[in-house]
Amino acid sequence: AKAQQAANEIERRTGRKVSGVALDLADLKSVKSLPSRLPKSVTKIDVLMENAGVMAIPERLATKDGFERQIGVNHLGHYALVATLLPLLEKSSAFRIVAVSSDANKIVDGKAIAQALDANLEPPYGAWTNYGLSKVFNVLFVEELRRRLPSKGTAVAVHPGVVQTDLSRYLVQGIDAAEAGVSQTEAFETMSPLQKKLMEGMAKFILPVSLGANGQVRLASDENLAADPGGAYFDGLKRGSPNKAAGDAALARRLWDVSERLTGATISL
C-alpha cells in the first residue's frame with residue numbers, strides 16, 4: 001500500500017509511469033525472483049538504492065531463511081539483491097549502488113566484526129550490537145564493491161541522519177505491534193499523555209523525510225558524481241568518516257565470501 005501511494009504521488013508530480021514491485025529482503029526466494037517479476041519495460045538499472053532496514057529488535061527474530069533478522073535484512077538481503085540485479089545494472093552506461101548505512105556502524109569494533117564473521121554472522125545477540133554490525137557490513141560491502149566494480153559502476157554508503165520513518169517501530173511499539181504492521185502513527189494514538197509528550201519532544205531533533213532523503217537523492221542523481229561520488233561514505237550531503245574497521249580490506253573480503261556462502265548468491269565481478 002505504501003509503495004503504491006508513493007508511485008501514485010510520483011506519477012502525479014512528474015507525469016511519468018511508475019510501477020511498484022513487492023520485495024521481501026527477509027526471504028531470499030523473493031530477492032532472487034525479483035528480475036522475473038519486474039515490468040518488461042525495465043531493460044536496465046541506473047541506480048540501485050539499498051534503503052530497506054530494521055533496527056534494534058529487542059529479541060532475536062529470524063528471516064525466512066533462518067538468518068538473524070537485522071543482519072539478514074540489512075546486509076544479506078541487500079548482498080543477494082545486488083547479485084540478482086547486477087546483470088541489469090551492467091546494461092547501464094554508468095550505474096550506481098547506494099547503500100543506506102547509519103552512524104550506528106561505529107557501535108562495534110574490528111574485533112566484534114571478526115568474531116561475527118567467525119560465527120557465520122550469528123554472534124551472541126544484542127539489539128544494538130547486531131544493528132551496528134549490519135550497518136558496518138553495509139560499508140564493508142561498499143568498499144569491496146568499489147574494489148571490484150568496472151569503471152562504469154560505482155558504490156557508496158550514506159548515513160542519512162536520524163529521520164522520521166518507521167525504522168524505530170520495534171523500539172517504540174514493541175515486537176507484536178511491529179510484526180502486525182501497525183504504523184507508528186497508529187501506535188501514537190494509543191500512547192499515554194506522557195508518552196505522547198516524550199515522542200513530540202524527540203520529534204524536534206528528527207529530520208522529516210523530505211530533508212532526510214537529501215543525501216540519498218544527491219548520491220543517486222547528481223550528474224557530477226557519475227564517475228565517483230568522491231568517497232565510499234557520506235554523512236548526509238557531505239563526506240563522512242565511518243568505522244575505522246570499515247577500511248580493512250581483509251575484513252571486507254571475508255564478509256563478501258561469507259555472504260556468498262550463506263546466501264548462495266554470486267556477484268560475478
# chains A, B, ... in the order shown; residues from 1 in each chain; ligands from 1

call {"tool": "select_by_dssp", "arguments": {"residues": "region 8-198 of chain A", "states": "helix (DSSP H, G or I)", "output": "PyMOL selection string"}}
result
chain A and resi 8-14+28-32+34-37+69-89+103-106+110-118+127-148+166-173+175-179+184-189+193-198

call {"tool": "residues_around", "arguments": {"residues": "region 155-159 of chain A", "least_positions_apart": "3", "cutoff": "6 Å", "atoms": "only C-alpha atoms", "output": "number ranges by chain"}}
result
A: 96-103, 139, 142, 146, 232-236

call {"tool": "closest_residue", "arguments": {"among": "A:Leu85, A:Ala177, A:Ala94, A:Ile71", "to": "Ser134 (chain A)", "atoms": "only C-alpha atoms"}}
result
A:Ile71

call {"tool": "closest_residue", "arguments": {"among": "A:Thr63, A:Ser36, A:Asn243, A:Ser41", "to": "Lys17 (chain A)", "atoms": "only C-alpha atoms"}}
result
A:Ser41

call {"tool": "closest_residue", "arguments": {"among": "A:Trp128, A:Trp256, A:Phe141, A:Phe67", "to": "Leu171 (chain A)", "atoms": "only C-alpha atoms"}}
result
A:Trp128

call {"tool": "closest_residue", "arguments": {"among": "A:Val108, A:Leu133, A:Leu38, A:Leu23", "to": "Asn74 (chain A)", "atoms": "only C-alpha atoms"}}
result
A:Leu133

call {"tool": "atom_distance", "arguments": {"atom1": "CA of His78 (chain A)", "atom2": "CA of Thr266 (chain A)"}}
result
12.5 Å

call {"tool": "residues_around", "arguments": {"residues": "Leu149 (chain A)", "least_positions_apart": "5", "cutoff": "10 Å", "atoms": "only C-alpha atoms", "output": "list in words"}}
result
Glu90, Glu144, Thr154, Ala155, Ser268 and Leu269 of chain A

call {"tool": "select_by_dssp", "arguments": {"residues": "region 72-246 of chain A", "states": "strand (DSSP E)", "output": "VMD selection string"}}
result
chain A and resid 95 to 100 153 to 159 233 to 235 238 to 239

call {"tool": "write_last_selection", "arguments": {"atoms": "all heavy atoms", "output": "compact mmCIF listing (two decimals), in the first residue's frame"}}
result
# COMPACT_ATOMS: atom_id res chain seq x y z
N PHE A 95 26.35 3.04 -13.82
CA PHE A 95 25.41 2.72 -12.76
C PHE A 95 25.99 3.00 -11.38
O PHE A 95 27.21 3.07 -11.19
CB PHE A 95 24.95 1.25 -12.86
CG PHE A 95 26.03 0.23 -12.62
CD1 PHE A 95 26.35 -0.19 -11.33
CD2 PHE A 95 26.72 -0.34 -13.68
CE1 PHE A 95 27.33 -1.14 -11.10
CE2 PHE A 95 27.70 -1.30 -13.47
CZ PHE A 95 28.01 -1.70 -12.18
N ARG A 96 25.08 3.18 -10.42
CA ARG A 96 25.49 3.44 -9.04
C ARG A 96 24.70 2.55 -8.08
O ARG A 96 23.52 2.28 -8.29
CB ARG A 96 25.20 4.89 -8.64
CG ARG A 96 25.77 5.92 -9.57
CD ARG A 96 25.42 7.33 -9.11
NE ARG A 96 25.40 8.23 -10.25
CZ ARG A 96 25.21 9.53 -10.16
NH1 ARG A 96 25.01 10.08 -8.98
NH2 ARG A 96 25.21 10.29 -11.25
N ILE A 97 25.38 2.12 -7.05
CA ILE A 97 24.75 1.38 -5.96
C ILE A 97 24.91 2.24 -4.71
O ILE A 97 26.03 2.57 -4.31
CB ILE A 97 25.42 0.00 -5.75
CG1 ILE A 97 25.26 -0.85 -7.01
CG2 ILE A 97 24.83 -0.70 -4.53
CD1 ILE A 97 26.09 -2.12 -7.01
N VAL A 98 23.80 2.64 -4.12
CA VAL A 98 23.81 3.50 -2.93
C VAL A 98 23.28 2.70 -1.75
O VAL A 98 22.12 2.29 -1.74
CB VAL A 98 22.96 4.77 -3.14
CG1 VAL A 98 23.05 5.67 -1.90
CG2 VAL A 98 23.41 5.53 -4.38
N ALA A 99 24.14 2.44 -0.77
CA ALA A 99 23.75 1.68 0.42
C ALA A 99 23.45 2.63 1.57
O ALA A 99 24.30 3.45 1.93
CB ALA A 99 24.87 0.72 0.82
N VAL A 100 22.26 2.54 2.12
CA VAL A 100 21.90 3.39 3.26
C VAL A 100 22.39 2.71 4.53
O VAL A 100 21.85 1.72 4.98
CB VAL A 100 20.38 3.63 3.32
CG1 VAL A 100 20.04 4.52 4.51
CG2 VAL A 100 19.90 4.27 2.03
N GLY A 153 30.80 1.53 -13.14
CA GLY A 153 29.95 1.37 -11.97
C GLY A 153 30.64 1.85 -10.71
O GLY A 153 31.87 1.79 -10.60
N THR A 154 29.88 2.37 -9.77
CA THR A 154 30.45 2.78 -8.50
C THR A 154 29.46 2.49 -7.38
O THR A 154 28.28 2.23 -7.62
CB THR A 154 30.82 4.28 -8.50
OG1 THR A 154 31.61 4.58 -7.34
CG2 THR A 154 29.58 5.17 -8.49
N ALA A 155 29.96 2.50 -6.15
CA ALA A 155 29.12 2.23 -4.98
C ALA A 155 29.50 3.20 -3.87
O ALA A 155 30.66 3.62 -3.76
CB ALA A 155 29.31 0.79 -4.52
N VAL A 156 28.52 3.53 -3.05
CA VAL A 156 28.75 4.47 -1.95
C VAL A 156 27.76 4.17 -0.84
O VAL A 156 26.64 3.71 -1.09
CB VAL A 156 28.60 5.94 -2.44
CG1 VAL A 156 27.20 6.20 -2.96
CG2 VAL A 156 28.98 6.93 -1.36
N ALA A 157 28.18 4.40 0.40
CA ALA A 157 27.30 4.25 1.56
C ALA A 157 27.00 5.63 2.13
O ALA A 157 27.82 6.54 2.04
CB ALA A 157 27.96 3.36 2.62
N VAL A 158 25.82 5.76 2.74
CA VAL A 158 25.44 7.06 3.29
C VAL A 158 24.70 6.89 4.61
O VAL A 158 23.88 5.99 4.78
CB VAL A 158 24.57 7.86 2.28
CG1 VAL A 158 23.29 7.09 1.92
CG2 VAL A 158 24.22 9.24 2.81
N HIS A 159 25.04 7.76 5.56
CA HIS A 159 24.26 7.90 6.80
C HIS A 159 23.30 9.05 6.58
O HIS A 159 23.73 10.20 6.43
CB HIS A 159 25.20 8.20 7.97
CG HIS A 159 24.50 8.72 9.19
ND1 HIS A 159 23.43 8.05 9.77
CD2 HIS A 159 24.70 9.85 9.94
CE1 HIS A 159 23.02 8.75 10.83
NE2 HIS A 159 23.76 9.83 10.93
N TYR A 233 31.89 6.83 1.73
CA TYR A 233 30.93 7.03 2.82
C TYR A 233 30.58 8.51 2.95
O TYR A 233 31.47 9.37 2.99
CB TYR A 233 31.52 6.53 4.14
CG TYR A 233 30.59 6.61 5.33
CD1 TYR A 233 29.59 5.67 5.53
CD2 TYR A 233 30.72 7.64 6.26
CE1 TYR A 233 28.75 5.73 6.62
CE2 TYR A 233 29.87 7.72 7.35
CZ TYR A 233 28.89 6.77 7.53
OH TYR A 233 28.05 6.84 8.62
N PHE A 234 29.26 8.78 3.02
CA PHE A 234 28.79 10.14 3.19
C PHE A 234 27.92 10.25 4.44
O PHE A 234 27.22 9.30 4.81
CB PHE A 234 27.98 10.59 1.96
CG PHE A 234 28.82 11.10 0.84
CD1 PHE A 234 29.64 10.25 0.12
CD2 PHE A 234 28.81 12.45 0.50
CE1 PHE A 234 30.43 10.71 -0.92
CE2 PHE A 234 29.59 12.93 -0.53
CZ PHE A 234 30.41 12.06 -1.25
N ASP A 235 27.99 11.40 5.06
CA ASP A 235 27.12 11.73 6.19
C ASP A 235 26.18 12.81 5.66
O ASP A 235 26.54 13.99 5.60
CB ASP A 235 27.95 12.25 7.36
CG ASP A 235 27.11 12.52 8.61
OD1 ASP A 235 25.88 12.62 8.48
OD2 ASP A 235 27.69 12.65 9.71
N LYS A 238 27.55 15.50 2.90
CA LYS A 238 29.00 15.71 2.91
C LYS A 238 29.75 14.41 3.17
O LYS A 238 29.18 13.43 3.67
CB LYS A 238 29.37 16.74 3.98
CG LYS A 238 29.04 16.32 5.40
CD LYS A 238 29.36 17.43 6.39
CE LYS A 238 29.22 16.98 7.84
NZ LYS A 238 27.84 16.56 8.19
N ARG A 239 31.03 14.42 2.81
CA ARG A 239 31.87 13.26 3.08
C ARG A 239 31.87 12.97 4.57
O ARG A 239 31.91 13.88 5.41
CB ARG A 239 33.30 13.53 2.63
CG ARG A 239 33.53 13.48 1.14
CD ARG A 239 33.65 12.06 0.62
NE ARG A 239 34.75 11.35 1.23
CZ ARG A 239 36.01 11.39 0.80
NH1 ARG A 239 36.31 12.12 -0.26
NH2 ARG A 239 36.95 10.70 1.40

call {"tool": "residues_around", "arguments": {"residues": "region 112-127 of chain A", "least_positions_apart": "6", "cutoff": "7 Å", "atoms": "only C-alpha atoms", "output": "list in words"}}
result
Ala56, Ile57, Pro58, Glu59, Arg60, Glu68, Leu133, Leu255 and Val258 of chain A

call {"tool": "write_last_selection", "arguments": {"atoms": "all heavy atoms", "output": "PDB file, in the first residue's frame"}}
result
ATOM      1  N   ALA A  56      17.311  -2.434  15.864  1.00  0.00           N
ATOM      2  CA  ALA A  56      17.249  -2.647  17.315  1.00  0.00           C
ATOM      3  C   ALA A  56      16.038  -3.471  17.753  1.00  0.00           C
ATOM      4  O   ALA A  56      15.305  -3.086  18.666  1.00  0.00           O
ATOM      5  CB  ALA A  56      17.289  -1.303  18.045  1.00  0.00           C
ATOM      6  N   ILE A  57      15.848  -4.617  17.128  1.00  0.00           N
ATOM      7  CA  ILE A  57      14.759  -5.509  17.536  1.00  0.00           C
ATOM      8  C   ILE A  57      15.099  -6.057  18.925  1.00  0.00           C
ATOM      9  O   ILE A  57      16.184  -6.606  19.120  1.00  0.00           O
ATOM     10  CB  ILE A  57      14.592  -6.657  16.523  1.00  0.00           C
ATOM     11  CG1 ILE A  57      14.336  -6.081  15.121  1.00  0.00           C
ATOM     12  CG2 ILE A  57      13.450  -7.572  16.926  1.00  0.00           C
ATOM     13  CD1 ILE A  57      14.299  -7.120  14.018  1.00  0.00           C
ATOM     14  N   PRO A  58      14.208  -5.927  19.893  1.00  0.00           N
ATOM     15  CA  PRO A  58      14.543  -6.270  21.292  1.00  0.00           C
ATOM     16  C   PRO A  58      15.003  -7.706  21.511  1.00  0.00           C
ATOM     17  O   PRO A  58      15.786  -7.974  22.422  1.00  0.00           O
ATOM     18  CB  PRO A  58      13.227  -5.997  22.037  1.00  0.00           C
ATOM     19  CG  PRO A  58      12.534  -4.967  21.210  1.00  0.00           C
ATOM     20  CD  PRO A  58      12.877  -5.316  19.789  1.00  0.00           C
ATOM     21  N   GLU A  59      14.523  -8.631  20.710  1.00  0.00           N
ATOM     22  CA  GLU A  59      14.966 -10.019  20.842  1.00  0.00           C
ATOM     23  C   GLU A  59      15.225 -10.592  19.464  1.00  0.00           C
ATOM     24  O   GLU A  59      14.780 -10.033  18.456  1.00  0.00           O
ATOM     25  CB  GLU A  59      13.929 -10.864  21.572  1.00  0.00           C
ATOM     26  CG  GLU A  59      12.586 -10.946  20.878  1.00  0.00           C
ATOM     27  CD  GLU A  59      11.533 -11.645  21.719  1.00  0.00           C
ATOM     28  OE1 GLU A  59      11.259 -11.170  22.835  1.00  0.00           O
ATOM     29  OE2 GLU A  59      10.979 -12.646  21.240  1.00  0.00           O
ATOM     30  N   ARG A  60      15.969 -11.692  19.415  1.00  0.00           N
ATOM     31  CA  ARG A  60      16.343 -12.253  18.118  1.00  0.00           C
ATOM     32  C   ARG A  60      15.114 -12.759  17.363  1.00  0.00           C
ATOM     33  O   ARG A  60      14.380 -13.606  17.849  1.00  0.00           O
ATOM     34  CB  ARG A  60      17.325 -13.414  18.278  1.00  0.00           C
ATOM     35  CG  ARG A  60      17.860 -13.935  16.939  1.00  0.00           C
ATOM     36  CD  ARG A  60      18.637 -15.229  17.099  1.00  0.00           C
ATOM     37  NE  ARG A  60      19.236 -15.665  15.846  1.00  0.00           N
ATOM     38  CZ  ARG A  60      18.595 -16.298  14.864  1.00  0.00           C
ATOM     39  NH1 ARG A  60      17.290 -16.571  14.987  1.00  0.00           N
ATOM     40  NH2 ARG A  60      19.226 -16.658  13.763  1.00  0.00           N
ATOM     41  N   GLU A  68      19.574 -14.213  11.426  1.00  0.00           N
ATOM     42  CA  GLU A  68      19.135 -13.178  12.366  1.00  0.00           C
ATOM     43  C   GLU A  68      18.578 -12.016  11.546  1.00  0.00           C
ATOM     44  O   GLU A  68      19.161 -11.617  10.550  1.00  0.00           O
ATOM     45  CB  GLU A  68      20.321 -12.737  13.243  1.00  0.00           C
ATOM     46  CG  GLU A  68      19.949 -11.769  14.347  1.00  0.00           C
ATOM     47  CD  GLU A  68      19.836 -10.337  13.846  1.00  0.00           C
ATOM     48  OE1 GLU A  68      20.764  -9.871  13.153  1.00  0.00           O
ATOM     49  OE2 GLU A  68      18.787  -9.702  14.136  1.00  0.00           O
ATOM     50  N   LEU A 133      26.464  -4.038  13.667  1.00  0.00           N
ATOM     51  CA  LEU A 133      27.147  -4.952  12.750  1.00  0.00           C
ATOM     52  C   LEU A 133      26.547  -4.868  11.348  1.00  0.00           C
ATOM     53  O   LEU A 133      27.267  -4.775  10.349  1.00  0.00           O
ATOM     54  CB  LEU A 133      27.054  -6.387  13.264  1.00  0.00           C
ATOM     55  CG  LEU A 133      27.978  -6.769  14.418  1.00  0.00           C
ATOM     56  CD1 LEU A 133      27.546  -8.104  15.026  1.00  0.00           C
ATOM     57  CD2 LEU A 133      29.434  -6.845  13.954  1.00  0.00           C
ATOM     58  N   LEU A 255      33.859 -10.819   4.581  1.00  0.00           N
ATOM     59  CA  LEU A 255      32.408 -10.612   4.608  1.00  0.00           C
ATOM     60  C   LEU A 255      31.798 -11.011   3.270  1.00  0.00           C
ATOM     61  O   LEU A 255      30.747 -11.663   3.222  1.00  0.00           O
ATOM     62  CB  LEU A 255      32.085  -9.149   4.918  1.00  0.00           C
ATOM     63  CG  LEU A 255      30.594  -8.789   4.872  1.00  0.00           C
ATOM     64  CD1 LEU A 255      29.822  -9.529   5.960  1.00  0.00           C
ATOM     65  CD2 LEU A 255      30.405  -7.274   5.026  1.00  0.00           C
ATOM     66  N   VAL A 258      31.768 -14.884   3.091  1.00  0.00           N
ATOM     67  CA  VAL A 258      30.770 -15.464   3.998  1.00  0.00           C
ATOM     68  C   VAL A 258      29.363 -15.206   3.467  1.00  0.00           C
ATOM     69  O   VAL A 258      28.501 -16.093   3.488  1.00  0.00           O
ATOM     70  CB  VAL A 258      30.926 -14.889   5.424  1.00  0.00           C
ATOM     71  CG1 VAL A 258      29.749 -15.301   6.308  1.00  0.00           C
ATOM     72  CG2 VAL A 258      32.226 -15.368   6.054  1.00  0.00           C
TER      73      VAL A 258
END

call {"tool": "closest_residue", "arguments": {"among": "A:Leu211, A:Asp65, A:Glu143, A:Ala22", "to": "Ala1 (chain A)", "atoms": "only C-alpha atoms"}}
result
A:Ala22

call {"tool": "residues_around", "arguments": {"residues": "Tyr79 (chain A)", "least_positions_apart": "4", "cutoff": "9 Å", "atoms": "only C-alpha atoms", "output": "list in words"}}
result
Asn74, His75, Ala83, Thr84, Asn138, Phe141, Trp256, Ser259, Glu260, Thr263, Ala265 and Ile267 of chain A

call {"tool": "atom_distance", "arguments": {"atom1": "CA of Gly110 (chain A)", "atom2": "CA of Asp248 (chain A)"}}
result
8.5 Å
